[in-house]
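Below: the structure, in structure tokens.
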Amino acid sequence: MQTAAMDPAEEPPSMLWGLDPVFSAFARLYIRDILEMTESTQVPGIYFYNLHPISKVDVLGTVVYKREREDFFCYGVDDGTGVINCLCWKSDVLKEEREPSKSGAQLGAAAQGGFDPVAELQKLRRAQRTRCRLEIGELLRVRGPVKTSRQQREIKASTYYKVSDSVMAVQISWMMEAPQLYRQCYDKAPQLEPDAAGDSAVSSLSRATKILKDFLKQKSVSRFRPYDVQDLLQPLISSPPQAASADQIDSLRVVSRAGLGQKIGPFNERPAPQEPVAGPSACQQLRQLLKEALQILQDEGAVYRKVKSQDEVYLVTVQDKDLLVAVKDVIREDSRREKYVEKGCHVLHILSAVRQRYSLNVSRAALELVLKTLECNSDIISTSDSHYTAI
């Protein structure tokens with residue numbers, strides 16, 4: 001395979017890679033994407049997927065070929081999107097596959113009917129050999145850095161083991177989690193270089209959003225109005241610097257001129273006061289910051305407005321018992337219909353029904369939070385990535 005190098009103009013600087021959480025994690029990428037990643041021109045061994053710096057991956061797949069050497073195993077792992085070579089070094093236990101010594105056997109025989117430490121140790125070693133020695137067709141999980149050797153992309157395993165998955169529960173869970181990771185993380189370009197002008201504004205907005213989230217969670221608030229939480233954001237608003245008064249200016253002039261030996265009279269001119277720079281007041285900044293923070297919470301589904309009116313009342317999604325009951329009733333009633341008995345109700349169907357029966361202002365993000373809460377409470381179960389049915 002010819003290794004593709006990334007354009008230096010498009011590659012983010014290496015000093016910013018640590019700002020991306022993907023860089024320090026084992027990325028759960030499809031093998032096809034691992035094989036197609038572009039290599040960094042700054043640091044060999046670092047690859048990029050959608051501008052995310054990738055150094056190590058986590059792969060689950062079926063062994064399709066196997067080679068064994070004295071010090072390592074070489075497995076070909078297939079996850080349905082491609083096949084990659086995995087280099088798995090043997091541990092000391094696998095290298096020492098000799099029979100126990102006579103003294104050890106005599107010690108084991110000496111333990112008459114009691115706990116035999118030698119025999120138990122041998123059982124543990126056999127179990128470890130079984131987990132690390134795989135055959136074609138068995139399921140293997142590998143974690144480790146990605147390397148390119150002889151123009152072939154491969155994984156040098158830091159951890160690997162055989163996965164016992166007789167009912168395919170692990171594989172199904174893996175296949176359901178991978179698309180969510182792609183949507184929520186890998187397919188979104190990293191924000192490594194915010195604009196310098198808007199850096200402080202973004203920082204204040206993120207802190208304001210976090211303050212509101214923590215307050216709603218700690219106090220278990222079910223509903224509130226903007227003026228109820230407005231004072232929480234007051235410390236984030238920096239008051240404009242006050243101009244020095246005329247008396248303060250006079251005293252400063254007296255001290256400075258006295259130091260220079262100049263005579264100071266009572267009729268010296270005062271400097272003309274500077275005109276204040278026009279700009280938003282602290283109150284206006286606070287209202288604008290609160291408005292933007294509440295909009296972010298609405299976009300994330302954490303809060304919503306049941307009825308849009310002049311009286312701005314926000315409901316906390318997971319604390320709204322009426323919304324939880326409405327969603328649960330929709331799923332319980334519609335999952336009995338012949339159309340939804342087998343697979344359950346799709347999330348878009350549930351959203352449409354909730355908007356008709358409860359409120360038009362319920363967003364999909366808010367509904368997904370409600371569904372997650374109901375599933376944690378064992379009121380409903382998910383039959384697929386976006387289908388739910390009542391228990």
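Identifiers for the structure tokens are assigned positionally: chains receive A, B, ... in sequence, residues are indexed from 1 per chain, and ligands are indexed from 1 in the order shown.
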
**OP:** List the neighbours of Gly301 in chain A out to 10 Å using only C-alpha atoms; skip same-chain residues closer than 2 positions along the sequence, and give me the result as number ranges by chain.
**Re:** A: 295-299, 303-304, 316-318, 362-370

Using the selection just defined, write its residues with N, CA, C and O atoms as a JSON list (two decimals), in the first residue's frame.
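Contents of selection.json, as written:
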[["chain", "number", "residue", "atom", "x", "y", "z"],
["A", 295, "GLN", "N", -29.63, 29.52, 24.53],
["A", 295, "GLN", "CA", -29.81, 28.97, 23.19],
["A", 295, "GLN", "C", -28.98, 27.70, 23.01],
["A", 295, "GLN", "O", -29.44, 26.72, 22.38],
["A", 296, "ILE", "N", -27.78, 27.68, 23.56],
["A", 296, "ILE", "CA", -26.94, 26.47, 23.49],
["A", 296, "ILE", "C", -27.60, 25.33, 24.25],
["A", 296, "ILE", "O", -27.63, 24.18, 23.77],
["A", 297, "LEU", "N", -28.15, 25.61, 25.42],
["A", 297, "LEU", "CA", -28.83, 24.57, 26.18],
["A", 297, "LEU", "C", -30.05, 24.04, 25.43],
["A", 297, "LEU", "O", -30.34, 22.84, 25.49],
["A", 298, "GLN", "N", -30.75, 24.92, 24.71],
["A", 298, "GLN", "CA", -31.88, 24.45, 23.90],
["A", 298, "GLN", "C", -31.40, 23.59, 22.74],
["A", 298, "GLN", "O", -32.03, 22.57, 22.41],
["A", 299, "ASP", "N", -30.31, 23.99, 22.09],
["A", 299, "ASP", "CA", -29.78, 23.20, 20.98],
["A", 299, "ASP", "C", -29.33, 21.82, 21.44],
["A", 299, "ASP", "O", -29.46, 20.83, 20.70],
["A", 303, "VAL", "N", -32.77, 22.04, 27.91],
["A", 303, "VAL", "CA", -33.96, 22.78, 28.30],
["A", 303, "VAL", "C", -34.81, 23.02, 27.06],
["A", 303, "VAL", "O", -34.32, 22.92, 25.93],
["A", 304, "TYR", "N", -36.08, 23.35, 27.27],
["A", 304, "TYR", "CA", -36.97, 23.70, 26.16],
["A", 304, "TYR", "C", -38.10, 24.54, 26.71],
["A", 304, "TYR", "O", -38.33, 24.63, 27.92],
["A", 316, "VAL", "N", -36.67, 22.14, 32.31],
["A", 316, "VAL", "CA", -35.50, 21.26, 32.26],
["A", 316, "VAL", "C", -35.97, 19.89, 31.77],
["A", 316, "VAL", "O", -36.86, 19.27, 32.37],
["A", 317, "THR", "N", -35.39, 19.42, 30.70],
["A", 317, "THR", "CA", -35.92, 18.25, 29.98],
["A", 317, "THR", "C", -36.01, 17.02, 30.87],
["A", 317, "THR", "O", -37.07, 16.39, 30.98],
["A", 318, "VAL", "N", -34.92, 16.64, 31.52],
["A", 318, "VAL", "CA", -34.91, 15.39, 32.29],
["A", 318, "VAL", "C", -35.69, 15.51, 33.59],
["A", 318, "VAL", "O", -35.99, 14.49, 34.22],
["A", 362, "VAL", "N", -40.81, 20.62, 21.34],
["A", 362, "VAL", "CA", -39.87, 19.58, 21.76],
["A", 362, "VAL", "C", -38.94, 19.26, 20.59],
["A", 362, "VAL", "O", -39.40, 18.89, 19.51],
["A", 363, "SER", "N", -37.65, 19.42, 20.79],
["A", 363, "SER", "CA", -36.67, 19.15, 19.75],
["A", 363, "SER", "C", -36.23, 17.69, 19.79],
["A", 363, "SER", "O", -36.49, 16.97, 20.76],
["A", 364, "ARG", "N", -35.55, 17.28, 18.73],
["A", 364, "ARG", "CA", -35.05, 15.90, 18.70],
["A", 364, "ARG", "C", -33.99, 15.68, 19.77],
["A", 364, "ARG", "O", -33.93, 14.60, 20.39],
["A", 365, "ALA", "N", -33.14, 16.70, 20.00],
["A", 365, "ALA", "CA", -32.11, 16.56, 21.03],
["A", 365, "ALA", "C", -32.75, 16.37, 22.41],
["A", 365, "ALA", "O", -32.29, 15.54, 23.20],
["A", 366, "ALA", "N", -33.83, 17.12, 22.68],
["A", 366, "ALA", "CA", -34.52, 16.95, 23.96],
["A", 366, "ALA", "C", -35.16, 15.56, 24.06],
["A", 366, "ALA", "O", -35.12, 14.91, 25.11],
["A", 367, "LEU", "N", -35.74, 15.10, 22.95],
["A", 367, "LEU", "CA", -36.36, 13.78, 22.96],
["A", 367, "LEU", "C", -35.33, 12.69, 23.20],
["A", 367, "LEU", "O", -35.59, 11.72, 23.93],
["A", 368, "GLU", "N", -34.15, 12.81, 22.62],
["A", 368, "GLU", "CA", -33.12, 11.79, 22.81],
["A", 368, "GLU", "C", -32.67, 11.75, 24.27],
["A", 368, "GLU", "O", -32.36, 10.66, 24.80],
["A", 369, "LEU", "N", -32.62, 12.90, 24.94],
["A", 369, "LEU", "CA", -32.30, 12.90, 26.37],
["A", 369, "LEU", "C", -33.38, 12.19, 27.18],
["A", 369, "LEU", "O", -33.09, 11.44, 28.11],
["A", 370, "VAL", "N", -34.64, 12.42, 26.80],
["A", 370, "VAL", "CA", -35.74, 11.76, 27.49],
["A", 370, "VAL", "C", -35.69, 10.25, 27.27],
["A", 370, "VAL", "O", -35.87, 9.46, 28.21]]

Interface rows for range 41-83 of chain A against range 7-27 of chain A: nearest pair, Å to one decimal, 6 Å, only C-alpha atoms, as a Markdown table:
| residue | atom | partner | partner_atom | distance |
| --- | --- | --- | --- | --- |
| A:Pro53 | CA | A:Phe23 | CA | 5.3 |
| A:Ile54 | CA | A:Phe23 | CA | 5.4 |
| A:Lys56 | CA | A:Phe26 | CA | 5.2 |
| A:Val57 | CA | A:Phe26 | CA | 4.5 |
| A:Asp58 | CA | A:Phe26 | CA | 5.4 |

Subject >> Contacts of Glu312 in chain A within 10 Å, only C-alpha atoms, excl. fewer than 2 positions in-chain, as a list in words >> reply: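 Final neighbour list, sorted by chain and number: Phe224, Arg225, Pro226, Tyr227, Arg305, Lys306, Val307, Lys308, Ser309, Gln310, Tyr314 and Leu315 of chain A.
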
Would you save the residues from that selection as a PDB file, in the first residue's frame, using N, CA and C atoms?
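The new file result-v4.pdb reads:
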ATOM      1  N   PHE A 224     -37.645  27.360  35.169  1.00  0.00           N
ATOM      2  CA  PHE A 224     -37.059  28.631  35.608  1.00  0.00           C
ATOM      3  C   PHE A 224     -37.312  29.687  34.537  1.00  0.00           C
ATOM      4  N   ARG A 225     -37.095  30.923  34.930  1.00  0.00           N
ATOM      5  CA  ARG A 225     -37.160  32.057  34.020  1.00  0.00           C
ATOM      6  C   ARG A 225     -35.770  32.671  33.919  1.00  0.00           C
ATOM      7  N   PRO A 226     -35.470  33.410  32.848  1.00  0.00           N
ATOM      8  CA  PRO A 226     -34.107  33.941  32.682  1.00  0.00           C
ATOM      9  C   PRO A 226     -33.632  34.766  33.861  1.00  0.00           C
ATOM     10  N   TYR A 227     -34.529  35.587  34.453  1.00  0.00           N
ATOM     11  CA  TYR A 227     -34.060  36.426  35.554  1.00  0.00           C
ATOM     12  C   TYR A 227     -33.758  35.612  36.814  1.00  0.00           C
ATOM     13  N   ARG A 305     -38.801  25.199  25.802  1.00  0.00           N
ATOM     14  CA  ARG A 305     -39.966  26.003  26.173  1.00  0.00           C
ATOM     15  C   ARG A 305     -41.215  25.309  25.656  1.00  0.00           C
ATOM     16  N   LYS A 306     -42.070  24.913  26.558  1.00  0.00           N
ATOM     17  CA  LYS A 306     -43.283  24.204  26.155  1.00  0.00           C
ATOM     18  C   LYS A 306     -44.201  25.096  25.339  1.00  0.00           C
ATOM     19  N   VAL A 307     -44.350  26.343  25.775  1.00  0.00           N
ATOM     20  CA  VAL A 307     -45.170  27.320  25.058  1.00  0.00           C
ATOM     21  C   VAL A 307     -44.339  28.577  24.885  1.00  0.00           C
ATOM     22  N   LYS A 308     -44.230  29.040  23.650  1.00  0.00           N
ATOM     23  CA  LYS A 308     -43.479  30.260  23.394  1.00  0.00           C
ATOM     24  C   LYS A 308     -44.409  31.465  23.549  1.00  0.00           C
ATOM     25  N   SER A 309     -44.149  32.266  24.575  1.00  0.00           N
ATOM     26  CA  SER A 309     -44.953  33.446  24.875  1.00  0.00           C
ATOM     27  C   SER A 309     -44.032  34.513  25.443  1.00  0.00           C
ATOM     28  N   GLN A 310     -44.616  35.646  25.820  1.00  0.00           N
ATOM     29  CA  GLN A 310     -43.815  36.714  26.389  1.00  0.00           C
ATOM     30  C   GLN A 310     -43.223  36.318  27.733  1.00  0.00           C
ATOM     31  N   TYR A 314     -38.635  28.292  30.936  1.00  0.00           N
ATOM     32  CA  TYR A 314     -37.839  27.183  30.420  1.00  0.00           C
ATOM     33  C   TYR A 314     -38.041  25.966  31.321  1.00  0.00           C
ATOM     34  N   LEU A 315     -38.248  24.820  30.691  1.00  0.00           N
ATOM     35  CA  LEU A 315     -38.397  23.556  31.410  1.00  0.00           C
ATOM     36  C   LEU A 315     -37.141  22.725  31.227  1.00  0.00           C
TER      37      LEU A 315
END

Residue neighbourhood Val83 in chain A, 9 Å, only C-alpha atoms, exclusion window fewer than 3 positions, as a short mmCIF file (atom, residue, chain, number, x, y, z; two decimals) with N, CA and C atoms, in the first residue's frame:
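Result saved to around.cif:
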data_model
loop_
_atom_site.label_atom_id
_atom_site.label_comp_id
_atom_site.auth_asym_id
_atom_site.auth_seq_id
_atom_site.Cartn_x
_atom_site.Cartn_y
_atom_site.Cartn_z
N ILE A 31 -11.53 -0.34 10.02
CA ILE A 31 -10.24 -0.71 9.43
C ILE A 31 -10.05 -0.04 8.08
N ARG A 32 -11.12 0.14 7.32
CA ARG A 32 -11.00 0.83 6.03
C ARG A 32 -10.45 2.24 6.22
N LEU A 35 -6.69 2.20 7.12
CA LEU A 35 -5.83 1.97 5.96
C LEU A 35 -5.75 3.20 5.06
N GLY A 61 -12.35 -7.53 15.45
CA GLY A 61 -12.65 -8.20 14.19
C GLY A 61 -12.35 -9.68 14.24
N VAL A 64 -8.65 -13.74 10.05
CA VAL A 64 -8.80 -14.37 8.73
C VAL A 64 -7.51 -15.03 8.27
N GLY A 76 -4.30 -11.48 10.83
CA GLY A 76 -5.06 -10.62 9.92
C GLY A 76 -6.47 -10.47 10.46
N VAL A 77 -6.85 -9.24 10.78
CA VAL A 77 -8.13 -8.96 11.43
C VAL A 77 -9.06 -8.27 10.43
N ASP A 78 -10.28 -8.78 10.34
CA ASP A 78 -11.29 -8.27 9.40
C ASP A 78 -12.51 -7.84 10.19
N ASP A 79 -12.90 -6.54 10.07
CA ASP A 79 -14.10 -6.05 10.75
C ASP A 79 -15.27 -5.82 9.79
N GLY A 80 -15.15 -6.31 8.57
CA GLY A 80 -16.21 -6.14 7.58
C GLY A 80 -15.96 -4.99 6.62
#

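Nearest to Leu51 in chain A of all the residues A:Cys185, A:Leu324, A:Met176, A:Cys376 is A:Cys185, counting only C-alpha atoms.
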
What's around range 136-146 of chain A at 7 Å? Count only C-alpha atoms, leave out sequence neighbours fewer than 3 positions away in its own chain, and write the answer as an mmCIF file with C-alpha atoms, in the first residue's frame.
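What follows is the written file selection_1.cif:
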data_model
loop_
_atom_site.group_PDB
_atom_site.id
_atom_site.type_symbol
_atom_site.label_atom_id
_atom_site.label_comp_id
_atom_site.auth_asym_id
_atom_site.auth_seq_id
_atom_site.Cartn_x
_atom_site.Cartn_y
_atom_site.Cartn_z
ATOM 1 C CA GLY A 45 3.809 7.599 12.964
ATOM 2 C CA SER A 55 -1.645 7.673 17.024
ATOM 3 C CA LYS A 56 -3.339 4.546 18.405
ATOM 4 C CA VAL A 57 -6.494 2.613 17.580
ATOM 5 C CA ASP A 58 -8.893 0.055 19.034
ATOM 6 C CA VAL A 59 -10.069 -2.682 16.649
ATOM 7 C CA LEU A 60 -12.465 -5.627 16.971
ATOM 8 C CA GLY A 61 -12.645 -8.196 14.186
ATOM 9 C CA THR A 62 -12.405 -11.776 13.002
ATOM 10 C CA VAL A 63 -9.066 -13.492 12.442
ATOM 11 C CA VAL A 64 -8.802 -14.370 8.732
ATOM 12 C CA TYR A 65 -5.147 -15.422 8.629
ATOM 13 C CA LYS A 66 -2.439 -16.258 11.139
ATOM 14 C CA GLU A 154 -0.326 -2.466 10.544
ATOM 15 C CA ILE A 155 -1.136 -2.323 14.259
ATOM 16 C CA LYS A 156 1.558 -3.128 16.814
ATOM 17 C CA ALA A 157 -0.578 -4.461 19.631
ATOM 18 C CA SER A 158 -0.017 -3.202 23.148
ATOM 19 C CA THR A 159 -3.028 -5.245 24.320
ATOM 20 C CA TYR A 160 -4.773 -8.102 22.541
ATOM 21 C CA TYR A 161 -7.052 -10.946 23.592
ATOM 22 C CA LYS A 162 -9.624 -13.397 22.277
ATOM 23 C CA VAL A 163 -13.243 -12.318 22.767
#

Original post:
Skipping near chain neighbours, those fewer than 4 positions away, what residues fall within 7 Å of Met37 in chain A using only C-alpha atoms, listed as a ChimeraX atom specification?
Top reply: /A:33,47-49

Residue subset to file, keeping all heavy atoms, as a CSV table (one decimal), in the first residue's frame:
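Written output follows (part34.csv):
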chain,number,residue,atom,x,y,z
A,33,ASP,N,-10.9,2.9,7.2
A,33,ASP,CA,-10.4,4.3,7.5
A,33,ASP,C,-9.0,4.3,8.0
A,33,ASP,O,-8.2,5.2,7.7
A,33,ASP,CB,-11.4,5.0,8.5
A,33,ASP,CG,-12.8,5.2,7.9
A,33,ASP,OD1,-12.9,5.4,6.7
A,33,ASP,OD2,-13.7,5.2,8.7
A,47,TYR,N,-1.1,9.9,12.2
A,47,TYR,CA,-1.9,9.9,11.0
A,47,TYR,C,-3.1,10.8,11.3
A,47,TYR,O,-3.4,11.2,12.4
A,47,TYR,CB,-2.4,8.5,10.7
A,47,TYR,CG,-1.3,7.5,10.5
A,47,TYR,CD1,-0.6,6.9,11.6
A,47,TYR,CD2,-0.8,7.3,9.2
A,47,TYR,CE1,0.4,6.0,11.4
A,47,TYR,CE2,0.3,6.4,9.0
A,47,TYR,CZ,0.9,5.8,10.1
A,47,TYR,OH,1.9,4.9,9.9
A,48,PHE,N,-3.8,11.2,10.2
A,48,PHE,CA,-4.9,12.1,10.3
A,48,PHE,C,-6.2,11.5,9.7
A,48,PHE,O,-6.1,11.0,8.6
A,48,PHE,CB,-4.6,13.4,9.6
A,48,PHE,CG,-3.7,14.3,10.4
A,48,PHE,CD1,-2.3,14.2,10.2
A,48,PHE,CD2,-4.1,15.1,11.4
A,48,PHE,CE1,-1.4,15.0,10.9
A,48,PHE,CE2,-3.2,15.9,12.1
A,48,PHE,CZ,-1.9,15.9,11.9
A,49,TYR,N,-7.3,11.6,10.4
A,49,TYR,CA,-8.6,11.3,9.9
A,49,TYR,C,-9.4,12.5,10.1
A,49,TYR,O,-9.7,12.9,11.3
A,49,TYR,CB,-9.2,10.1,10.6
A,49,TYR,CG,-10.6,9.8,10.1
A,49,TYR,CD1,-10.9,9.1,9.0
A,49,TYR,CD2,-11.7,10.3,10.9
A,49,TYR,CE1,-12.2,8.9,8.5
A,49,TYR,CE2,-13.0,10.1,10.4
A,49,TYR,CZ,-13.2,9.4,9.2
A,49,TYR,OH,-14.5,9.2,8.8

Original post:
What gap, in Å, lies between CA of Asp165 in chain A and CA of Tyr388 in chain A?
Top reply: 24.4 Å
